[in-house]
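Have a look at model-v7.cif; it's mmCIF, C-alpha atoms:
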data_input
loop_
_atom_site.label_atom_id
_atom_site.label_comp_id
_atom_site.auth_asym_id
_atom_site.auth_seq_id
_atom_site.Cartn_x
_atom_site.Cartn_y
_atom_site.Cartn_z
CA MET A 1210 0.00 0.00 0.00
CA CYS A 1211 0.98 3.66 -0.26
CA PHE A 1212 2.68 5.85 2.30
CA SER A 1213 4.35 3.62 4.90
CA ALA A 1214 4.52 0.46 6.96
CA PRO A 1215 2.42 1.98 9.80
CA VAL A 1216 -0.47 2.66 7.40
CA SER A 1217 -0.45 -0.94 6.17
CA PHE A 1218 -0.15 -2.37 9.68
CA ILE A 1219 -2.91 -0.12 11.06
CA ALA A 1220 -5.23 -1.19 8.24
CA SER A 1221 -4.25 -4.82 8.79
CA GLY A 1222 -4.79 -4.65 12.54
CA ALA A 1223 -8.14 -2.88 12.27
CA LEU A 1224 -9.48 -5.30 9.66
CA THR A 1225 -8.22 -8.33 11.59
CA VAL A 1226 -9.60 -7.26 14.99
CA LEU A 1227 -12.98 -6.13 13.66
CA GLY A 1228 -13.12 -9.14 11.38
CA GLY A 1229 -12.37 -11.58 14.17
CA ALA A 1230 -15.01 -10.07 16.43
CA THR A 1231 -17.62 -10.08 13.67
CA PHE A 1232 -16.69 -13.57 12.47
CA ALA A 1233 -17.27 -14.92 15.97
CA VAL A 1234 -20.88 -13.71 16.09
CA ALA A 1235 -21.80 -14.05 12.41
CA GLN A 1236 -24.21 -16.70 11.25
CA LYS A 1237 -22.66 -19.65 9.43
CA LYS A 1238 -23.85 -18.45 6.02
CA ASP A 1239 -22.36 -14.97 6.62
CA LYS A 1240 -18.89 -16.21 7.60
CA ILE A 1241 -17.82 -16.48 3.95
CA LEU A 1242 -18.59 -12.75 3.68
CA VAL A 1243 -16.84 -11.68 6.89
CA ALA A 1244 -13.76 -13.63 5.78
CA ILE A 1245 -13.16 -11.06 3.03
CA PRO A 1246 -11.91 -8.19 5.24
CA LEU A 1247 -10.04 -10.74 7.35
CA MET A 1248 -8.11 -11.87 4.28
CA PHE A 1249 -7.54 -8.26 3.27
CA GLY A 1250 -6.06 -7.76 6.74
CA ILE A 1251 -3.56 -10.57 6.14
CA GLN A 1252 -2.74 -9.16 2.71
CA GLN A 1253 -2.04 -5.72 4.15
CA ALA A 1254 0.20 -7.30 6.80
CA PHE A 1255 2.35 -8.75 4.00
CA GLU A 1256 2.70 -5.30 2.49
CA GLY A 1257 3.55 -3.80 5.86
CA VAL A 1258 6.40 -6.31 6.13
CA GLN A 1259 7.48 -5.35 2.62
CA TRP A 1260 7.69 -1.73 3.69
CA LEU A 1261 9.97 -2.66 6.58
CA TYR A 1262 12.34 -4.33 4.12
CA LEU A 1263 12.16 -1.43 1.67
CA ASN A 1264 12.93 1.04 4.44
CA SER A 1265 16.06 -0.96 5.25
CA GLY A 1266 17.19 -0.93 1.62
CA SER A 1267 16.13 -4.45 0.63
CA THR A 1268 13.03 -6.39 -0.41
CA SER A 1269 11.24 -9.53 0.72
CA LEU A 1270 10.15 -11.97 -1.97
CA LEU A 1271 8.19 -13.91 0.65
CA ALA A 1272 6.13 -10.85 1.56
CA GLY A 1273 5.81 -9.95 -2.11
CA TYR A 1274 4.51 -13.36 -3.12
CA GLY A 1275 2.25 -13.41 -0.06
CA PHE A 1276 0.67 -10.13 -1.09
CA LEU A 1277 0.28 -11.19 -4.73
CA PHE A 1278 -1.13 -14.56 -3.72
CA PHE A 1279 -4.21 -12.74 -2.47
CA ALA A 1280 -4.24 -10.04 -5.15
CA LEU A 1281 -3.80 -12.27 -8.20
CA ILE A 1282 -4.94 -15.74 -7.17
CA VAL A 1283 -7.38 -15.57 -4.26
CA TRP A 1284 -9.62 -12.66 -5.26
CA PRO A 1285 -10.50 -13.66 -8.86
CA ILE A 1286 -11.72 -17.00 -7.49
CA TYR A 1287 -13.15 -15.97 -4.13
CA VAL A 1288 -15.25 -13.00 -5.28
CA PRO A 1289 -17.44 -14.87 -7.80
CA LEU A 1290 -17.49 -17.85 -5.43
CA PHE A 1291 -18.88 -15.99 -2.40
CA VAL A 1292 -21.44 -14.20 -4.59
CA TYR A 1293 -22.48 -17.58 -6.00
CA VAL A 1294 -22.89 -19.07 -2.53
CA LEU A 1295 -24.94 -16.19 -1.14
CA ASP A 1296 -26.93 -15.19 -4.22
CA LYS A 1297 -29.92 -17.44 -4.88
CA GLU A 1298 -30.95 -15.98 -8.25
CA ARG A 1299 -27.94 -15.61 -10.57
CA LYS A 1300 -26.35 -19.05 -10.38
CA LYS A 1301 -25.77 -19.76 -14.08
CA PRO A 1302 -23.75 -16.65 -15.07
CA LEU A 1303 -21.85 -16.85 -11.78
CA ARG A 1304 -20.72 -20.39 -12.62
CA TRP A 1305 -19.09 -19.05 -15.77
CA LEU A 1306 -17.44 -16.24 -13.85
CA ILE A 1307 -16.07 -18.71 -11.31
CA LEU A 1308 -14.52 -20.69 -14.18
CA MET A 1309 -13.10 -17.48 -15.65
CA GLY A 1310 -11.68 -16.50 -12.27
CA LEU A 1311 -10.08 -19.93 -11.94
CA ALA A 1312 -8.48 -19.54 -15.38
CA VAL A 1313 -7.16 -16.08 -14.46
CA ALA A 1314 -5.76 -17.37 -11.17
CA LEU A 1315 -4.03 -20.32 -12.89
CA TYR A 1316 -2.53 -17.92 -15.40
CA PHE A 1317 -1.08 -15.84 -12.60
CA VAL A 1318 0.24 -18.98 -10.87
CA ALA A 1319 2.19 -19.75 -14.05
CA LEU A 1320 3.33 -16.14 -14.27
CA LEU A 1321 4.59 -16.11 -10.69
CA GLU A 1322 6.40 -19.40 -11.25
CA ARG A 1323 8.09 -18.59 -14.56
CA HIS A 1324 8.93 -14.90 -14.37
CA ALA A 1325 11.01 -12.94 -11.90
CA LEU A 1326 9.19 -10.63 -9.50
CA HIS A 1327 10.65 -7.15 -9.03
CA ILE A 1328 9.65 -5.03 -6.05
CA HIS A 1329 10.37 -1.31 -5.82
CA GLU A 1330 9.26 1.75 -3.93
CA ARG A 1331 7.80 4.15 -6.47
CA TYR A 1332 6.07 7.43 -5.65
CA ALA A 1333 5.61 6.42 -2.01
CA CYS A 1334 3.98 3.13 -3.03
CA VAL A 1335 5.09 -0.47 -3.44
CA SER A 1336 5.39 -1.49 -7.08
CA TYR A 1337 5.27 -5.14 -8.21
CA THR A 1338 6.48 -5.87 -11.75
CA PHE A 1339 7.48 -8.86 -13.87
CA ASP A 1340 9.83 -9.35 -16.80
CA PHE A 1341 6.85 -10.32 -18.92
CA ASN A 1342 4.16 -7.68 -19.45
CA THR A 1343 0.70 -9.22 -19.80
CA GLU A 1344 -1.52 -6.41 -18.54
CA TRP A 1345 -3.23 -5.89 -21.90
CA LEU A 1346 -4.43 -9.50 -21.92
CA VAL A 1347 -5.27 -10.58 -18.40
CA VAL A 1348 -6.28 -7.42 -16.53
CA PRO A 1349 -9.58 -7.00 -18.45
CA LEU A 1350 -10.48 -10.64 -17.67
CA TYR A 1351 -9.52 -10.15 -14.02
CA LEU A 1352 -11.69 -7.04 -13.70
CA LEU A 1353 -14.57 -8.68 -15.57
CA THR A 1354 -14.47 -11.61 -13.16
CA VAL A 1355 -14.47 -9.43 -10.03
CA PHE A 1356 -16.73 -6.58 -11.10
CA GLY A 1357 -19.05 -8.75 -13.20
CA SER A 1358 -19.76 -11.06 -10.26
CA LEU A 1359 -20.67 -8.16 -8.00
CA PHE A 1360 -22.70 -6.16 -10.51
CA ILE A 1361 -24.91 -9.05 -11.68
CA SER A 1362 -25.75 -10.07 -8.12
CA SER A 1363 -29.33 -9.70 -7.01
CA ARG A 1364 -28.13 -8.48 -3.59
CA ALA A 1365 -27.75 -4.72 -3.24
CA ILE A 1366 -24.84 -4.91 -0.77
CA PHE A 1367 -22.71 -6.69 -3.39
CA ARG A 1368 -23.60 -4.21 -6.11
CA TRP A 1369 -22.70 -1.30 -3.83
CA PHE A 1370 -19.38 -2.94 -2.99
CA GLY A 1371 -18.76 -3.48 -6.71
CA LEU A 1372 -19.54 0.15 -7.47
CA ALA A 1373 -17.22 1.40 -4.73
CA ILE A 1374 -14.22 -0.73 -5.70
CA SER A 1375 -14.73 -0.08 -9.42
CA LEU A 1376 -14.65 3.69 -8.87
CA LEU A 1377 -11.57 3.27 -6.69
CA ALA A 1378 -10.00 1.12 -9.40
CA LEU A 1379 -10.45 4.00 -11.85
CA VAL A 1380 -8.85 6.40 -9.37
CA SER A 1381 -5.97 3.99 -8.76
CA TRP A 1382 -5.38 3.50 -12.49
CA LYS A 1383 -5.59 7.22 -13.22
CA PHE A 1384 -3.20 8.41 -10.52
CA TYR A 1385 -1.17 5.31 -9.58
CA THR A 1386 -0.91 3.32 -12.81
CA MET A 1387 2.52 1.86 -12.01
CA ASN A 1388 1.39 0.90 -8.51
CA PHE A 1389 -2.16 -0.12 -9.37
CA ILE A 1390 -2.22 -3.48 -7.58
CA SER A 1391 -0.90 -2.11 -4.31
CA VAL A 1392 -3.08 0.99 -4.20
CA TRP A 1393 -6.30 -0.61 -5.36
CA CYS A 1394 -5.99 -3.53 -2.94
CA PHE A 1395 -5.61 -1.07 -0.07
CA PHE A 1396 -8.70 0.88 -1.14
CA ALA A 1397 -10.66 -2.36 -1.56
CA ALA A 1398 -9.50 -3.52 1.87
CA VAL A 1399 -10.82 -0.36 3.51
CA VAL A 1400 -14.12 -0.52 1.63
CA SER A 1401 -14.57 -4.20 2.57
CA SER A 1402 -15.19 -3.02 6.14
CA MET A 1403 -18.76 -2.36 4.97
CA PHE A 1404 -19.32 -6.10 5.37
CA PHE A 1405 -18.69 -5.77 9.13
CA VAL A 1406 -21.42 -3.15 9.34
CA TYR A 1407 -23.73 -5.21 7.15
CA VAL A 1408 -23.36 -8.43 9.13
CA ARG A 1409 -23.64 -6.69 12.50
CA TYR A 1410 -26.70 -4.75 11.34
CA ARG A 1411 -28.36 -7.98 10.21
CA ARG A 1412 -27.55 -9.62 13.55
CA SER A 1413 -28.91 -6.63 15.46
CA ALA A 1414 -32.08 -6.67 13.38
CA ARG A 1415 -32.56 -10.40 14.04
CA LEU A 1416 -32.07 -9.91 17.79
CA LYS A 1417 -34.63 -7.10 17.85
CA GLN A 1418 -37.05 -9.25 15.89
CA PHE A 1419 -36.56 -12.12 18.32
CA ALA A 1420 -37.00 -9.81 21.33
CA SER A 1421 -40.21 -8.42 19.84
CA TRP A 1422 -41.51 -11.93 19.18
CA PHE A 1423 -40.62 -13.08 22.72
CA HIS A 1424 -42.23 -10.04 24.33
CA ARG A 1425 -45.40 -10.50 22.27
CA ASP A 1426 -45.73 -14.19 23.14
CA ALA A 1427 -44.74 -13.75 26.76
CA SER A 1428 -47.48 -11.17 27.23
CA LYS A 1429 -50.02 -13.92 26.66
CA PHE A 1430 -49.09 -15.52 29.95
CA ASP A 1431 -49.68 -14.26 33.48
CA PHE A 1432 -46.61 -15.22 35.46
CA ASP A 1433 -48.01 -13.79 38.72
CA THR A 1434 -50.75 -16.41 39.05
#
Represent the structure contained in this file as structure tokens.
Amino acid sequence: MCFSAPVSFIASGALTVLGGATFAVAQKKDKILVAIPLMFGIQQAFEGVQWLYLNSGSTSLLAGYGFLFFALIVWPIYVPLFVYVLDKERKKPLRWLILMGLAVALYFVALLERHALHIHERYACVSYTFDFNTEWLVVPLYLLTVFGSLFISSRAIFRWFGLAISLLALVSWKFYTMNFISVWCFFAAVVSSMFFVYVRYRRSARLKQFASWFHRDASKFDFDT
């Protein structure tokens, strides 16, 4: 991410702590959703470590590959997958997007294996580059997989998340083209905190509904007799 190690570690810590607390109380079906900011927290921790190395005049391939594992391999598979699991109406197109995401992820696995990774600090951001430039081919498929899954969902929360990260992707590409992956992943990590609010709101609403139901039924009985 941009700026410094503290920024990455603060983002990582906040996402991990809030994510852990929310994950513990989330319903089983919502855990796949709450896992998103938790994974973003781990990803930002890798970049925080990378900053520590860069500040000392070196780089960490382990931290670099850890960060890119999430950015290039996990997200193109996980995003259409979690939408597919939670969306009851758009199964057929989401199956195709899952397959596309798997193909994109496998392509990046081959890229990471066959081509050297170069890590630099550029304009106060971490830049990840390879000897082989494939942006023109794979980036549109990557974005189609991620954005397409969110935009075709029948659930408003996913469409709003898709809108937010797509606008931030445009900002990242416009102003941080050479550091796009790092900057956009940070923005997406911050925005993913909306899932904490969403899950906790749903839980609060369910508890209020249960309390209202209990109070209504309990009023039918006279406990003083």
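Nearest-residue note for Val1335 (chain A): choosing from A:Ala1397, A:Ile1374, A:Met1248, A:Leu1263, the minimum distance belongs to A:Leu1263, counting only C-alpha atoms.
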* To do: Determine the residue set returned by the PyMOL selection byres ((chain A and resi 1385-1393) around 9) for the present structure, and present it as number ranges by chain.
  => A: 1210-1211, 1256, 1276-1277, 1280-1281, 1331-1332, 1334-1338, 1374, 1377-1384, 1394-1398
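For the choices A:Ala1272, A:Val1258, A:Ile1361, A:Leu1308, the atom-to-atom distance to Val1216 (chain A) is smallest for A:Val1258 when using all atoms listed in the file.
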* Tell me, in Å to one decimal, how far CA of Val1408 (chain A) is from CA of Lys1240 (chain A). => 9.1 Å
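Taking CA of Arg1304 (chain A) as the reference point, CA of Glu1322 (chain A) is found at 27.2 Å.
Residues captured in this structure file are Tyr1316, Phe1317, Val1318, Ala1319, Leu1320, Leu1321, Glu1322, Arg1323, Ala1325, Leu1326, His1327, Thr1338, Phe1339, Asp1340, Phe1341, Asn1342 and Thr1343 of chain A, according to the PyMOL selection byres ((chain A and resi 1324) around 12).
Every residue that the PyMOL selection byres ((chain A and resi 1284) around 10) selects in this file is listed here: A:Ile1245, A:Met1248, A:Phe1249, A:Phe1278, A:Phe1279, A:Ala1280, A:Leu1281, A:Ile1282, A:Val1283, A:Pro1285, A:Ile1286, A:Tyr1287, A:Val1288, A:Pro1289, A:Leu1290, A:Gly1310, A:Leu1311, A:Ala1314, A:Tyr1351, A:Thr1354, A:Val1355.
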Generate the output file for the selected residues, C-alpha atoms, as a short mmCIF file (atom, residue, chain, number, x, y, z; two decimals), in the frame of the given file.
data_model
loop_
_atom_site.label_atom_id
_atom_site.label_comp_id
_atom_site.auth_asym_id
_atom_site.auth_seq_id
_atom_site.Cartn_x
_atom_site.Cartn_y
_atom_site.Cartn_z
CA ILE A 1245 -13.16 -11.06 3.03
CA MET A 1248 -8.11 -11.87 4.28
CA PHE A 1249 -7.54 -8.26 3.27
CA PHE A 1278 -1.13 -14.56 -3.72
CA PHE A 1279 -4.21 -12.74 -2.47
CA ALA A 1280 -4.24 -10.04 -5.15
CA LEU A 1281 -3.80 -12.27 -8.20
CA ILE A 1282 -4.94 -15.74 -7.17
CA VAL A 1283 -7.38 -15.57 -4.26
CA PRO A 1285 -10.50 -13.66 -8.86
CA ILE A 1286 -11.72 -17.00 -7.49
CA TYR A 1287 -13.15 -15.97 -4.13
CA VAL A 1288 -15.25 -13.00 -5.28
CA PRO A 1289 -17.44 -14.87 -7.80
CA LEU A 1290 -17.49 -17.85 -5.43
CA GLY A 1310 -11.68 -16.50 -12.27
CA LEU A 1311 -10.08 -19.93 -11.94
CA ALA A 1314 -5.76 -17.37 -11.17
CA TYR A 1351 -9.52 -10.15 -14.02
CA THR A 1354 -14.47 -11.61 -13.16
CA VAL A 1355 -14.47 -9.43 -10.03
#
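CA of Gly1228 (chain A) to CA of Leu1247 (chain A) spans 5.3 Å [interatomic distance, one decimal].
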* To do: For Thr1231 (chain A), please output as a ChimeraX atom specification all residues within 8 Å (counting all atoms listed in the file; exclusion window: fewer than 4 positions along the same chain).
  => /A:1227,1235,1243,1405,1408-1409
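Non-sequential neighbours of Gln1259 (chain A) (distance at most 8 Å, separation of 4 or more positions within a chain, all atoms listed in the file) are Ala1214, Phe1255, Leu1263, Thr1268, Ser1269, Ala1272 and Gly1273 of chain A.
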Would you save the residues of that selection, restricted to C-alpha atoms, as a PDB file, in the coordinates of the input?
ATOM      1  CA  ALA A1214       4.520   0.460   6.960  1.00  0.00           C
ATOM      2  CA  PHE A1255       2.350  -8.750   4.000  1.00  0.00           C
ATOM      3  CA  LEU A1263      12.160  -1.430   1.670  1.00  0.00           C
ATOM      4  CA  THR A1268      13.030  -6.390  -0.410  1.00  0.00           C
ATOM      5  CA  SER A1269      11.240  -9.530   0.720  1.00  0.00           C
ATOM      6  CA  ALA A1272       6.130 -10.850   1.560  1.00  0.00           C
ATOM      7  CA  GLY A1273       5.810  -9.950  -2.110  1.00  0.00           C
TER       8      GLY A1273
END
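Using only C-alpha atoms for every distance, the candidate list A:Gly1275, A:Gly1257, A:Pro1349, A:Gly1357 yields A:Gly1257 as the residue closest to Phe1218 (chain A).
Among A:Ser1358, A:Ser1221, A:Pro1246, A:Ala1312, the residue with the shortest atom-to-atom distance to Lys1300 (chain A), counting all atoms listed in the file, is A:Ser1358.
Nearest-residue note for Ala1373 (chain A): choosing from A:Leu1242, A:Leu1303, A:Val1400, A:Val1313, the minimum distance belongs to A:Val1400, counting all atoms listed in the file.
Nearest to Glu1298 (chain A) of all the residues A:Ser1267, A:Ile1251, A:Glu1330, A:Ser1362 is A:Ser1362, based on all atoms listed in the file.
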Since the input is missing atoms, can you rebuild N, CA and C atoms for region 1215-1235 of chain A and write them as a PDB file, in the coordinates of the input?
ATOM      1  N   PRO A1215       3.480   1.785   8.798  1.00  0.00           N
ATOM      2  CA  PRO A1215       2.420   1.980   9.800  1.00  0.00           C
ATOM      3  C   PRO A1215       1.021   1.996   9.193  1.00  0.00           C
ATOM      4  N   VAL A1216       0.852   2.615   8.022  1.00  0.00           N
ATOM      5  CA  VAL A1216      -0.470   2.660   7.400  1.00  0.00           C
ATOM      6  C   VAL A1216      -0.951   1.257   7.076  1.00  0.00           C
ATOM      7  N   SER A1217      -0.077   0.436   6.496  1.00  0.00           N
ATOM      8  CA  SER A1217      -0.450  -0.940   6.170  1.00  0.00           C
ATOM      9  C   SER A1217      -0.759  -1.747   7.418  1.00  0.00           C
ATOM     10  N   PHE A1218       0.061  -1.594   8.454  1.00  0.00           N
ATOM     11  CA  PHE A1218      -0.150  -2.370   9.680  1.00  0.00           C
ATOM     12  C   PHE A1218      -1.402  -1.912  10.431  1.00  0.00           C
ATOM     13  N   ILE A1219      -1.683  -0.615  10.413  1.00  0.00           N
ATOM     14  CA  ILE A1219      -2.910  -0.120  11.060  1.00  0.00           C
ATOM     15  C   ILE A1219      -4.135  -0.677  10.343  1.00  0.00           C
ATOM     16  N   ALA A1220      -4.115  -0.628   9.002  1.00  0.00           N
ATOM     17  CA  ALA A1220      -5.230  -1.190   8.240  1.00  0.00           C
ATOM     18  C   ALA A1220      -5.362  -2.683   8.506  1.00  0.00           C
ATOM     19  N   SER A1221      -4.232  -3.378   8.538  1.00  0.00           N
ATOM     20  CA  SER A1221      -4.250  -4.820   8.790  1.00  0.00           C
ATOM     21  C   SER A1221      -4.808  -5.122  10.177  1.00  0.00           C
ATOM     22  N   GLY A1222      -4.336  -4.405  11.182  1.00  0.00           N
ATOM     23  CA  GLY A1222      -4.790  -4.650  12.540  1.00  0.00           C
ATOM     24  C   GLY A1222      -6.272  -4.362  12.718  1.00  0.00           C
ATOM     25  N   ALA A1223      -6.732  -3.243  12.140  1.00  0.00           N
ATOM     26  CA  ALA A1223      -8.140  -2.880  12.270  1.00  0.00           C
ATOM     27  C   ALA A1223      -9.041  -3.919  11.600  1.00  0.00           C
ATOM     28  N   LEU A1224      -8.670  -4.320  10.378  1.00  0.00           N
ATOM     29  CA  LEU A1224      -9.480  -5.300   9.660  1.00  0.00           C
ATOM     30  C   LEU A1224      -9.476  -6.651  10.376  1.00  0.00           C
ATOM     31  N   THR A1225      -8.329  -7.029  10.934  1.00  0.00           N
ATOM     32  CA  THR A1225      -8.220  -8.330  11.590  1.00  0.00           C
ATOM     33  C   THR A1225      -9.017  -8.352  12.897  1.00  0.00           C
ATOM     34  N   VAL A1226      -8.886  -7.307  13.712  1.00  0.00           N
ATOM     35  CA  VAL A1226      -9.600  -7.260  14.990  1.00  0.00           C
ATOM     36  C   VAL A1226     -11.106  -7.187  14.780  1.00  0.00           C
ATOM     37  N   LEU A1227     -11.547  -6.248  13.921  1.00  0.00           N
ATOM     38  CA  LEU A1227     -12.980  -6.130  13.660  1.00  0.00           C
ATOM     39  C   LEU A1227     -13.514  -7.393  12.988  1.00  0.00           C
ATOM     40  N   GLY A1228     -12.698  -7.932  12.074  1.00  0.00           N
ATOM     41  CA  GLY A1228     -13.120  -9.140  11.380  1.00  0.00           C
ATOM     42  C   GLY A1228     -13.257 -10.321  12.319  1.00  0.00           C
ATOM     43  N   GLY A1229     -12.299 -10.480  13.220  1.00  0.00           N
ATOM     44  CA  GLY A1229     -12.370 -11.580  14.170  1.00  0.00           C
ATOM     45  C   GLY A1229     -13.575 -11.484  15.075  1.00  0.00           C
ATOM     46  N   ALA A1230     -13.859 -10.266  15.545  1.00  0.00           N
ATOM     47  CA  ALA A1230     -15.010 -10.070  16.430  1.00  0.00           C
ATOM     48  C   ALA A1230     -16.317 -10.331  15.698  1.00  0.00           C
ATOM     49  N   THR A1231     -16.401  -9.877  14.445  1.00  0.00           N
ATOM     50  CA  THR A1231     -17.620 -10.080  13.670  1.00  0.00           C
ATOM     51  C   THR A1231     -17.770 -11.534  13.250  1.00  0.00           C
ATOM     52  N   PHE A1232     -16.660 -12.172  12.893  1.00  0.00           N
ATOM     53  CA  PHE A1232     -16.690 -13.570  12.470  1.00  0.00           C
ATOM     54  C   PHE A1232     -17.217 -14.454  13.597  1.00  0.00           C
ATOM     55  N   ALA A1233     -16.862 -14.103  14.827  1.00  0.00           N
ATOM     56  CA  ALA A1233     -17.270 -14.920  15.970  1.00  0.00           C
ATOM     57  C   ALA A1233     -18.773 -14.911  16.192  1.00  0.00           C
ATOM     58  N   VAL A1234     -19.451 -13.812  15.832  1.00  0.00           N
ATOM     59  CA  VAL A1234     -20.880 -13.710  16.090  1.00  0.00           C
ATOM     60  C   VAL A1234     -21.719 -13.863  14.824  1.00  0.00           C
ATOM     61  N   ALA A1235     -21.068 -13.960  13.671  1.00  0.00           N
ATOM     62  CA  ALA A1235     -21.800 -14.050  12.410  1.00  0.00           C
ATOM     63  C   ALA A1235     -22.459 -15.418  12.269  1.00  0.00           C
TER      64      ALA A1235
END
